[in-house]
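Participant: Structure file final-v4.txt (compact mmCIF, C-alpha atoms) right here:
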# COMPACT_ATOMS: atom_id res chain seq x y z
CA MET A 272 -3.98 -0.87 -13.61
CA GLU A 273 -3.77 0.37 -17.19
CA GLN A 274 -0.85 2.70 -17.95
CA ARG A 275 -1.11 5.67 -20.28
CA HIS A 276 1.41 8.03 -21.85
CA LEU A 277 1.29 11.51 -20.35
CA GLY A 278 0.55 13.71 -23.34
CA ARG A 279 2.96 13.13 -26.21
CA SER A 280 5.80 12.32 -23.84
CA GLY A 281 7.41 8.97 -23.16
CA LEU A 282 6.34 9.10 -19.51
CA ARG A 283 3.77 6.45 -18.66
CA VAL A 284 1.50 6.79 -15.63
CA SER A 285 -1.37 4.83 -14.14
CA ARG A 286 -4.74 5.99 -15.40
CA LEU A 287 -5.67 6.92 -11.86
CA GLY A 288 -3.59 9.23 -9.70
CA LEU A 289 -3.43 9.41 -5.91
CA GLY A 290 -3.88 12.89 -4.46
CA THR A 291 -2.44 13.97 -1.11
CA LEU A 292 -4.25 17.25 -0.39
CA THR A 293 -5.20 16.20 3.15
CA TRP A 294 -2.01 14.32 4.04
CA GLY A 295 -0.22 15.75 7.03
CA GLY A 296 -3.49 17.38 8.12
CA ASP A 297 -6.73 15.41 8.29
CA THR A 298 -4.93 12.30 7.00
CA GLY A 299 -2.31 11.03 9.43
CA ALA A 300 0.79 8.95 8.82
CA ASP A 301 -0.76 5.52 9.35
CA GLU A 302 -3.70 6.18 7.06
CA ALA A 303 -1.44 7.74 4.40
CA ALA A 304 0.78 4.67 4.49
CA ALA A 305 -2.23 2.39 4.08
CA GLN A 306 -3.49 4.42 1.12
CA LEU A 307 -0.12 4.45 -0.63
CA ALA A 308 0.28 0.71 -0.11
CA ALA A 309 -3.21 -0.04 -1.47
CA PHE A 310 -2.70 2.26 -4.44
CA THR A 311 0.65 0.83 -5.52
CA GLU A 312 -0.45 -2.76 -4.91
CA ALA A 313 -3.29 -2.11 -7.36
CA GLY A 314 -0.76 -0.96 -9.97
CA GLY A 315 -1.06 2.78 -9.34
CA THR A 316 2.05 4.85 -10.01
CA LEU A 317 1.10 8.56 -10.21
CA VAL A 318 1.19 10.24 -6.78
CA ASP A 319 0.42 13.96 -6.74
CA THR A 320 1.21 16.52 -4.06
CA ALA A 321 2.12 20.22 -3.74
CA ASP A 322 4.40 22.38 -1.67
CA ILE A 323 1.45 24.10 0.06
CA TYR A 324 -0.55 21.02 1.04
CA ALA A 325 -0.74 21.11 4.84
CA ASP A 326 1.99 23.78 4.72
CA GLY A 327 4.53 21.29 3.38
CA GLU A 328 3.58 18.44 5.69
CA ALA A 329 2.04 16.43 2.83
CA GLU A 330 5.38 16.37 1.02
CA LYS A 331 7.21 15.43 4.22
CA LEU A 332 4.84 12.58 4.90
CA LEU A 333 5.02 11.29 1.34
CA GLY A 334 8.81 11.53 1.38
CA SER A 335 8.98 9.53 4.60
CA LEU A 336 7.05 6.68 2.97
CA LEU A 337 9.05 6.45 -0.23
CA GLY A 338 11.95 4.07 0.03
CA ASP A 339 10.75 2.24 3.12
CA LEU A 340 7.13 1.43 2.31
CA VAL A 341 7.29 1.77 -1.49
CA PRO A 342 10.46 1.88 -3.63
CA ARG A 343 11.00 5.35 -5.07
CA GLU A 344 11.38 3.97 -8.58
CA ARG A 345 7.84 2.52 -8.48
CA VAL A 346 6.27 5.95 -8.12
CA VAL A 347 5.81 8.78 -10.61
CA LEU A 348 6.24 11.61 -8.13
CA ALA A 349 4.45 14.85 -8.99
CA THR A 350 4.45 18.11 -7.05
CA LYS A 351 3.67 21.77 -7.64
CA ALA A 352 4.99 25.26 -6.98
CA VAL A 353 3.82 28.91 -7.36
CA ALA A 354 1.29 29.20 -4.52
CA ARG A 355 2.43 31.48 -1.70
CA ARG A 356 4.00 29.71 1.28
CA HIS A 357 5.15 32.75 3.27
CA ASP A 358 5.58 36.51 2.92
CA GLY A 359 9.31 36.53 2.09
CA PRO A 360 10.70 37.62 -1.30
CA PHE A 361 10.89 33.99 -2.45
CA GLY A 362 7.83 32.74 -0.59
CA GLY A 363 5.62 32.22 -3.62
CA GLY A 364 4.79 33.27 -7.15
CA ALA A 365 6.29 32.28 -10.48
CA SER A 366 9.50 34.31 -10.51
CA ARG A 367 12.72 32.45 -11.21
CA GLY A 368 13.94 32.92 -7.64
CA ALA A 369 10.67 31.85 -6.04
CA LEU A 370 10.26 28.78 -8.23
CA LEU A 371 13.77 27.45 -7.77
CA THR A 372 13.59 28.10 -4.03
CA ALA A 373 10.28 26.23 -3.90
CA LEU A 374 11.75 23.30 -5.82
CA GLU A 375 14.67 22.96 -3.43
CA GLY A 376 12.23 22.93 -0.53
CA SER A 377 10.09 20.26 -2.17
CA LEU A 378 13.11 18.06 -2.89
CA ARG A 379 14.22 18.38 0.72
CA ARG A 380 10.79 17.52 2.13
CA LEU A 381 10.29 14.66 -0.31
CA ASP A 382 13.78 13.36 0.45
CA THR A 383 14.64 12.87 -3.22
CA ASP A 384 17.04 14.34 -5.74
CA HIS A 385 14.39 14.82 -8.43
CA VAL A 386 10.65 14.94 -9.09
CA ASP A 387 9.18 13.20 -12.09
CA LEU A 388 6.56 15.86 -12.81
CA TRP A 389 6.86 19.47 -11.62
CA GLN A 390 3.74 21.56 -12.16
CA LEU A 391 3.17 25.30 -12.14
CA HIS A 392 0.21 25.51 -9.77
CA ALA A 393 -1.25 28.71 -11.22
CA TRP A 394 -0.61 31.50 -13.73
CA ASP A 395 1.22 34.49 -12.27
CA GLU A 396 0.32 37.62 -14.22
CA SER A 397 2.92 39.68 -12.33
CA VAL A 398 5.85 37.71 -13.79
CA PRO A 399 6.83 37.48 -17.48
CA LEU A 400 6.01 34.02 -18.76
CA ALA A 401 9.47 33.73 -20.32
CA GLU A 402 11.05 34.10 -16.87
CA THR A 403 8.75 31.50 -15.35
CA LEU A 404 9.42 28.95 -18.08
CA ALA A 405 13.15 29.66 -18.05
CA ALA A 406 13.17 28.54 -14.41
CA VAL A 407 11.41 25.32 -15.44
CA ASP A 408 14.00 24.79 -18.19
CA SER A 409 16.80 25.32 -15.69
CA ALA A 410 15.33 22.73 -13.33
CA VAL A 411 14.92 20.18 -16.13
CA ARG A 412 18.45 20.71 -17.47
CA ALA A 413 19.84 20.36 -13.93
CA GLY A 414 18.17 16.94 -13.62
CA LYS A 415 16.02 18.00 -10.68
CA VAL A 416 12.85 17.78 -12.77
CA ARG A 417 12.19 15.09 -15.37
CA TYR A 418 8.97 16.48 -16.92
CA ALA A 419 7.05 19.72 -16.50
CA GLY A 420 3.38 20.61 -16.52
CA ILE A 421 0.95 23.34 -15.56
CA SER A 422 -2.20 23.56 -13.46
CA ASN A 423 -5.30 25.77 -13.42
CA TYR A 424 -4.30 27.63 -16.61
CA SER A 425 -7.00 29.00 -18.90
CA GLY A 426 -7.15 27.98 -22.55
CA TRP A 427 -5.08 30.84 -23.93
CA GLN A 428 -2.58 30.54 -21.09
CA THR A 429 -2.22 26.81 -21.77
CA ALA A 430 -1.67 27.34 -25.48
CA THR A 431 0.82 30.19 -24.94
CA ALA A 432 2.93 28.26 -22.44
CA ALA A 433 2.83 25.07 -24.51
CA ALA A 434 3.89 26.86 -27.70
CA HIS A 435 6.76 28.59 -25.89
CA GLN A 436 8.10 25.35 -24.46
CA ALA A 437 7.80 23.53 -27.77
CA SER A 438 9.91 26.25 -29.35
CA VAL A 439 12.80 25.61 -26.94
CA GLY A 440 12.60 21.83 -27.20
CA LEU A 441 11.35 21.15 -23.66
CA PRO A 442 7.62 20.65 -24.17
CA LEU A 443 5.10 20.67 -21.38
CA VAL A 444 3.47 17.27 -20.91
CA SER A 445 0.38 17.92 -18.79
CA THR A 446 -2.12 20.23 -17.19
CA GLN A 447 -4.05 19.60 -13.98
CA VAL A 448 -7.50 21.19 -13.93
CA GLU A 449 -10.84 20.66 -12.22
CA TYR A 450 -12.88 18.38 -14.46
CA SER A 451 -15.91 16.24 -13.68
CA LEU A 452 -19.54 15.75 -14.66
CA LEU A 453 -20.25 18.80 -12.50
CA GLU A 454 -17.42 20.95 -13.91
CA ARG A 455 -17.00 20.66 -17.68
CA GLY A 456 -15.95 24.24 -18.46
CA VAL A 457 -12.47 23.10 -19.49
CA GLU A 458 -14.00 21.47 -22.57
CA ARG A 459 -14.55 24.91 -24.10
CA GLU A 460 -10.90 25.97 -24.52
CA VAL A 461 -8.49 24.13 -22.22
CA VAL A 462 -9.01 20.59 -23.49
CA PRO A 463 -8.85 21.60 -27.18
CA ALA A 464 -5.59 23.46 -26.46
CA CYS A 465 -4.20 20.35 -24.77
CA LEU A 466 -5.19 18.09 -27.66
CA HIS A 467 -3.57 20.47 -30.15
CA HIS A 468 -0.33 20.89 -28.20
CA GLY A 469 -0.02 17.34 -26.88
CA LEU A 470 -0.62 17.89 -23.17
CA GLY A 471 -2.26 15.18 -21.09
CA VAL A 472 -5.15 16.26 -18.86
CA LEU A 473 -5.04 15.32 -15.17
CA PRO A 474 -8.46 16.10 -13.69
CA TRP A 475 -8.57 17.18 -10.05
CA ALA A 476 -11.84 16.84 -8.12
CA PRO A 477 -13.04 14.22 -10.65
CA LEU A 478 -15.83 13.28 -8.23
CA GLY A 479 -17.20 16.81 -8.10
CA ARG A 480 -15.55 17.49 -4.74
CA GLY A 481 -17.28 14.37 -3.42
CA VAL A 482 -20.79 15.39 -4.48
CA LEU A 483 -20.96 12.83 -7.33
CA THR A 484 -20.62 9.95 -4.87
CA GLY A 485 -24.18 10.72 -3.75
CA LYS A 486 -23.20 11.16 -0.11
CA TYR A 487 -24.83 14.61 0.07
CA ARG A 488 -28.19 13.70 -1.52
CA THR A 489 -30.14 13.77 1.75
CA ASN A 490 -27.82 15.27 4.37
CA THR A 491 -24.21 16.13 5.17
CA PRO A 492 -22.36 13.18 6.75
CA ALA A 493 -20.52 14.22 9.90
CA ASP A 494 -17.25 12.69 8.69
CA SER A 495 -17.39 14.27 5.21
CA ARG A 496 -15.54 17.27 3.82
CA GLY A 497 -18.86 19.06 3.58
CA ALA A 498 -19.04 19.02 7.38
CA SER A 499 -15.46 20.22 7.80
CA PRO A 500 -14.95 23.93 8.58
CA VAL A 501 -11.91 23.82 6.30
CA PHE A 502 -13.57 22.20 3.27
CA ALA A 503 -17.27 23.09 3.61
CA ARG A 504 -17.06 25.97 1.13
CA TYR A 505 -15.01 23.79 -1.22
CA VAL A 506 -17.88 21.28 -1.39
CA GLU A 507 -20.72 23.83 -1.35
CA ARG A 508 -19.81 25.06 -4.85
CA HIS A 509 -21.32 21.91 -6.37
CA ARG A 510 -24.41 21.55 -4.18
CA THR A 511 -26.86 23.11 -6.62
CA GLU A 512 -30.11 22.10 -8.34
CA ARG A 513 -28.20 21.35 -11.54
CA ALA A 514 -25.75 19.19 -9.60
CA ALA A 515 -28.65 17.32 -7.98
CA ARG A 516 -30.01 16.36 -11.41
CA ILE A 517 -26.60 15.09 -12.51
CA VAL A 518 -26.08 13.16 -9.27
CA GLN A 519 -29.47 11.50 -9.76
CA ALA A 520 -28.50 10.46 -13.29
CA VAL A 521 -25.23 9.03 -12.01
CA ALA A 522 -27.04 7.11 -9.27
CA THR A 523 -29.53 5.72 -11.81
CA ALA A 524 -26.68 4.59 -14.06
CA ALA A 525 -24.90 2.98 -11.12
CA ASP A 526 -28.03 1.06 -10.13
CA GLY A 527 -28.42 -0.22 -13.67
CA LEU A 528 -24.81 -1.34 -13.88
CA GLY A 529 -24.68 -2.83 -10.39
CA THR A 530 -21.84 -0.55 -9.32
CA SER A 531 -21.32 2.62 -7.28
CA PRO A 532 -22.00 6.25 -8.29
CA LEU A 533 -18.32 6.89 -7.52
CA ALA A 534 -17.21 4.32 -10.12
CA VAL A 535 -19.59 5.70 -12.77
CA ALA A 536 -18.47 9.31 -12.27
CA LEU A 537 -14.80 8.36 -12.27
CA ALA A 538 -15.05 6.13 -15.35
CA TRP A 539 -16.86 8.92 -17.23
CA VAL A 540 -14.11 11.52 -16.74
CA ARG A 541 -11.26 8.99 -17.04
CA ASP A 542 -12.25 8.18 -20.61
CA ARG A 543 -12.91 11.71 -21.87
CA PRO A 544 -10.80 12.99 -24.82
CA GLY A 545 -7.36 14.11 -23.67
CA VAL A 546 -7.68 12.77 -20.14
CA VAL A 547 -4.81 10.64 -18.89
CA ALA A 548 -5.44 10.16 -15.17
CA PRO A 549 -8.00 11.62 -12.77
CA VAL A 550 -6.36 12.46 -9.42
CA VAL A 551 -8.43 11.23 -6.48
CA GLY A 552 -8.08 11.99 -2.81
CA ALA A 553 -9.65 9.76 -0.19
CA ARG A 554 -10.74 10.12 3.41
CA ASP A 555 -9.59 6.58 4.16
CA THR A 556 -8.36 3.40 2.47
CA THR A 557 -11.87 1.99 2.13
CA GLN A 558 -12.90 5.04 0.13
CA LEU A 559 -9.76 4.79 -1.99
CA LYS A 560 -10.50 1.16 -2.80
CA GLY A 561 -13.87 2.31 -4.11
CA SER A 562 -12.05 4.52 -6.60
CA LEU A 563 -9.67 1.71 -7.52
CA ALA A 564 -12.67 -0.49 -8.31
CA ALA A 565 -13.58 1.85 -11.16
CA GLU A 566 -10.62 0.40 -13.07
CA GLU A 567 -12.86 -2.54 -14.02
CA LEU A 568 -15.66 -0.35 -15.38
CA THR A 569 -16.17 0.85 -18.94
CA LEU A 570 -19.41 2.76 -19.44
CA PRO A 571 -21.78 1.54 -22.17
CA ALA A 572 -22.25 4.08 -24.97
CA ALA A 573 -25.91 4.70 -24.09
CA ILE A 574 -25.10 5.55 -20.47
CA ARG A 575 -22.17 7.74 -21.47
CA SER A 576 -24.42 9.61 -23.88
CA ALA A 577 -27.10 10.13 -21.24
CA LEU A 578 -24.54 11.50 -18.77
CA ASP A 579 -23.10 13.75 -21.48
CA ASP A 580 -26.55 15.20 -22.11
CA VAL A 581 -27.58 15.82 -18.50
CA SER A 582 -24.25 17.54 -17.71
CA ALA A 583 -23.74 19.42 -20.98
CA VAL A 584 -22.18 22.89 -20.91
CA GLU A 585 -23.04 25.72 -23.28
CA PHE A 586 -20.75 26.52 -26.18
CA GLY A 587 -20.79 29.80 -28.08
CA TYR A 588 -18.93 31.53 -30.88
CA PRO A 589 -16.07 30.92 -31.57
CA GLU A 590 -15.86 27.83 -29.34
CA ARG A 591 -16.15 24.41 -30.94
CA ARG A 592 -17.29 21.13 -29.43
CA LEU A 593 -14.85 18.24 -29.36
CA HIS A 594 -17.39 16.02 -31.14
If you took the structure in this file and wrote it as structure tokens, what would it be?

Facilitator:
Amino acid sequence: MEQRHLGRSGLRVSRLGLGTLTWGGDTGADEAAAQLAAFTEAGGTLVDTADIYADGEAEKLLGSLLGDLVPRERVVLATKAVARRHDGPFGGGASRGALLTALEGSLRRLDTDHVDLWQLHAWDESVPLAETLAAVDSAVRAGKVRYAGISNYSGWQTATAAAHQASVGLPLVSTQVEYSLLERGVEREVVPACLHHGLGVLPWAPLGRGVLTGKYRTNTPADSRGASPVFARYVERHRTERAARIVQAVATAADGLGTSPLAVALAWVRDRPGVVAPVVGARDTTQLKGSLAAEELTLPAAIRSALDDVSAVEFGYPERRLH
């Protein structure tokens, strides 16, 4: 698998990341092990989790697999903090105390002395940004965090945080945001801010929460997230008339190329300006291997242009298109 630098940093990651949102919940230990093995055997290195996934069980499960199944040094281990885990004074948020408490918990669950990429999961308007970023600096200087990033920040929030960190000599290297053919809003302000400040973009939900695979074109498969009481609303966001037109265009492109809609959608977002590695989650190893197969696909210019057009988002003053 091709490796890319994460932003302007020296950290190199696979251009596809493995997400663990369902690990420790819908995805059990055996299936998680099979996915991690398949991913790393294909050359994947970036594995992404968070302290709130399955209430910490995702980190525990991932930590139990590193060392035995896959050597720790073969994985770029990424996790997140800020989301609320419990009601205590340090149970969530972006205060210094909450962040450093969350990091210690993540390290314990992951059974490691450091994470390679620590991400602020969301902006916390109740805490001064300087305090939040000082906690990140402290973690980096202590050797518990190698690189730092953000997630789900707006354009101005991204630019403000990036400029602050550049001024203290510990630049942010990435942002993780929802980005797909069905969700291109980040192209208005977030992606330009990342290109200017040197942050790599890690798209989450690069398959439009599963809708771009075409599985929901006629019905809702019983084993899909759309049929799950936990994830049904998560998927429903992208089951619209506009989405249906885009899904049809993706399916047409896939037919013409002799590949899957999943591979087309993933290759499109993977090669967008600023993108380093889409982060994909999978129901099972077979589904994951479908994502891994996209590594072989580069979209022809005519198909890319057609997909750009059918999924285009509106830009207004003072926004500027990337091209």

Participant: Between A:Thr293, A:Thr298, A:Ser531, A:Ser425, single out the one closest to Ala325 (chain A), counting only C-alpha atoms.

Facilitator: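 Counting only C-alpha atoms, the residue closest to Ala325 (chain A) is A:Thr293.
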
Participant: Just the number, please: distance in Å from CA of Arg275 (chain A) to CA of Thr569 (chain A), one decimal.

Facilitator: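 Going from CA of Arg275 (chain A) over to CA of Thr569 (chain A) covers 15.9 Å.
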
Participant: Using all atoms listed in the file for the distances, tell me which of A:Thr446, A:Gln436, A:Thr556, A:Ser335 is nearest to Val411 (chain A).

Facilitator: A:Gln436

Participant: For each of A:Arg575, A:Arg480, A:Lys331, A:His435, take the minimum atom-to-atom distance to Glu449 (chain A), counting only C-alpha atoms, then give the residue where this is smallest.

Facilitator: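 Of the candidates, the smallest distance to Glu449 (chain A) is held by A:Arg480.
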
Participant: Which of these, A:His392, A:Arg343, A:His467, A:Arg508, has the shortest distance to Ala365 (chain A) once you count all atoms listed in the file?

Facilitator: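 Nearest candidate to Ala365 (chain A) out of A:His392, A:Arg343, A:His467, A:Arg508: A:His392.
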
Participant: Which distance in Å separates CA of Glu454 (chain A) and CA of Gln306 (chain A), to one decimal?

Facilitator: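 Those two atoms sit 26.3 Å apart.
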
Participant: Find the distance between CA of Val535 (chain A) and CA of Pro477 (chain A) and write it in Å to one decimal.

Facilitator: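 Rounded to one decimal, the two atoms are 11.0 Å apart.
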
Participant: Do a neighbour search on Pro442 (chain A) at 10 Å with only C-alpha atoms, toss out local chain neighbours closer than 6 positions, and write the hits as a PyMOL selection string.

Facilitator: chain A and resi 278-280+408+418-420+432-436+468-470

Participant: A:Lys560, A:His357, A:Arg379, A:Arg516: which is nearest Ala583 (chain A), counting only C-alpha atoms?

Facilitator: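 Closest residue, counting only C-alpha atoms: A:Arg516.
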
Participant: Between A:Ser366, A:Thr372, A:Thr383, A:Thr431, which is the closest to Glu402 (chain A) once you count all atoms listed in the file?

Facilitator: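 So, comparing all the options, the nearest one is A:Ser366.
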
Participant: For Leu277 (chain A), list every protein, DNA or RNA residue within 6 Å, evaluated using all atoms listed in the file, and leave out those in the same chain fewer than 4 positions away; present the list as an NGL selection string.

Facilitator: :A and (282-283 or 471)

Participant: Could you extract region 364-380 of chain A of the given structure into a file holding N, CA, C and O atoms, as a PDB file, in the first residue's frame?

Facilitator:
ATOM      1  N   GLY A 364     -14.404  16.759  27.769  1.00  0.00           N
ATOM      2  CA  GLY A 364     -14.111  18.152  27.492  1.00  0.00           C
ATOM      3  C   GLY A 364     -12.638  18.353  27.212  1.00  0.00           C
ATOM      4  O   GLY A 364     -11.817  17.426  27.290  1.00  0.00           O
ATOM      5  N   ALA A 365     -12.290  19.600  26.888  1.00  0.00           N
ATOM      6  CA  ALA A 365     -10.934  19.901  26.440  1.00  0.00           C
ATOM      7  C   ALA A 365     -10.127  20.706  27.448  1.00  0.00           C
ATOM      8  O   ALA A 365      -9.189  21.412  27.088  1.00  0.00           O
ATOM      9  N   SER A 366     -10.485  20.604  28.742  1.00  0.00           N
ATOM     10  CA  SER A 366      -9.651  21.235  29.756  1.00  0.00           C
ATOM     11  C   SER A 366      -8.348  20.455  29.902  1.00  0.00           C
ATOM     12  O   SER A 366      -8.253  19.289  29.513  1.00  0.00           O
ATOM     13  N   ARG A 367      -7.353  21.094  30.490  1.00  0.00           N
ATOM     14  CA  ARG A 367      -6.067  20.426  30.686  1.00  0.00           C
ATOM     15  C   ARG A 367      -6.238  19.154  31.513  1.00  0.00           C
ATOM     16  O   ARG A 367      -5.739  18.078  31.150  1.00  0.00           O
ATOM     17  N   GLY A 368      -6.978  19.246  32.611  1.00  0.00           N
ATOM     18  CA  GLY A 368      -7.161  18.083  33.473  1.00  0.00           C
ATOM     19  C   GLY A 368      -7.882  16.946  32.775  1.00  0.00           C
ATOM     20  O   GLY A 368      -7.494  15.785  32.876  1.00  0.00           O
ATOM     21  N   ALA A 369      -8.958  17.288  32.044  1.00  0.00           N
ATOM     22  CA  ALA A 369      -9.735  16.248  31.371  1.00  0.00           C
ATOM     23  C   ALA A 369      -8.932  15.574  30.271  1.00  0.00           C
ATOM     24  O   ALA A 369      -8.967  14.346  30.117  1.00  0.00           O
ATOM     25  N   LEU A 370      -8.185  16.360  29.502  1.00  0.00           N
ATOM     26  CA  LEU A 370      -7.414  15.789  28.401  1.00  0.00           C
ATOM     27  C   LEU A 370      -6.309  14.867  28.893  1.00  0.00           C
ATOM     28  O   LEU A 370      -6.128  13.759  28.375  1.00  0.00           O
ATOM     29  N   LEU A 371      -5.560  15.310  29.881  1.00  0.00           N
ATOM     30  CA  LEU A 371      -4.456  14.484  30.360  1.00  0.00           C
ATOM     31  C   LEU A 371      -4.965  13.240  31.084  1.00  0.00           C
ATOM     32  O   LEU A 371      -4.342  12.169  31.005  1.00  0.00           O
ATOM     33  N   THR A 372      -6.109  13.356  31.744  1.00  0.00           N
ATOM     34  CA  THR A 372      -6.727  12.173  32.351  1.00  0.00           C
ATOM     35  C   THR A 372      -7.168  11.193  31.265  1.00  0.00           C
ATOM     36  O   THR A 372      -6.975   9.978  31.382  1.00  0.00           O
ATOM     37  N   ALA A 373      -7.771  11.728  30.205  1.00  0.00           N
ATOM     38  CA  ALA A 373      -8.207  10.880  29.097  1.00  0.00           C
ATOM     39  C   ALA A 373      -7.027  10.178  28.441  1.00  0.00           C
ATOM     40  O   ALA A 373      -7.109   8.989  28.089  1.00  0.00           O
ATOM     41  N   LEU A 374      -5.924  10.891  28.273  1.00  0.00           N
ATOM     42  CA  LEU A 374      -4.748  10.290  27.645  1.00  0.00           C
ATOM     43  C   LEU A 374      -4.209   9.134  28.479  1.00  0.00           C
ATOM     44  O   LEU A 374      -3.869   8.069  27.942  1.00  0.00           O
ATOM     45  N   GLU A 375      -4.138   9.324  29.777  1.00  0.00           N
ATOM     46  CA  GLU A 375      -3.649   8.238  30.635  1.00  0.00           C
ATOM     47  C   GLU A 375      -4.552   7.009  30.522  1.00  0.00           C
ATOM     48  O   GLU A 375      -4.075   5.873  30.500  1.00  0.00           O
ATOM     49  N   GLY A 376      -5.859   7.253  30.440  1.00  0.00           N
ATOM     50  CA  GLY A 376      -6.780   6.131  30.286  1.00  0.00           C
ATOM     51  C   GLY A 376      -6.593   5.415  28.956  1.00  0.00           C
ATOM     52  O   GLY A 376      -6.612   4.184  28.890  1.00  0.00           O
ATOM     53  N   SER A 377      -6.385   6.184  27.897  1.00  0.00           N
ATOM     54  CA  SER A 377      -6.159   5.579  26.584  1.00  0.00           C
ATOM     55  C   SER A 377      -4.882   4.756  26.565  1.00  0.00           C
ATOM     56  O   SER A 377      -4.863   3.634  26.037  1.00  0.00           O
ATOM     57  N   LEU A 378      -3.816   5.287  27.137  1.00  0.00           N
ATOM     58  CA  LEU A 378      -2.546   4.551  27.169  1.00  0.00           C
ATOM     59  C   LEU A 378      -2.697   3.245  27.939  1.00  0.00           C
ATOM     60  O   LEU A 378      -2.147   2.210  27.540  1.00  0.00           O
ATOM     61  N   ARG A 379      -3.450   3.293  29.019  1.00  0.00           N
ATOM     62  CA  ARG A 379      -3.663   2.085  29.823  1.00  0.00           C
ATOM     63  C   ARG A 379      -4.465   1.045  29.029  1.00  0.00           C
ATOM     64  O   ARG A 379      -4.102  -0.139  28.999  1.00  0.00           O
ATOM     65  N   ARG A 380      -5.526   1.480  28.394  1.00  0.00           N
ATOM     66  CA  ARG A 380      -6.356   0.537  27.638  1.00  0.00           C
ATOM     67  C   ARG A 380      -5.624  -0.003  26.406  1.00  0.00           C
ATOM     68  O   ARG A 380      -5.785  -1.171  26.039  1.00  0.00           O
TER      69      ARG A 380
END
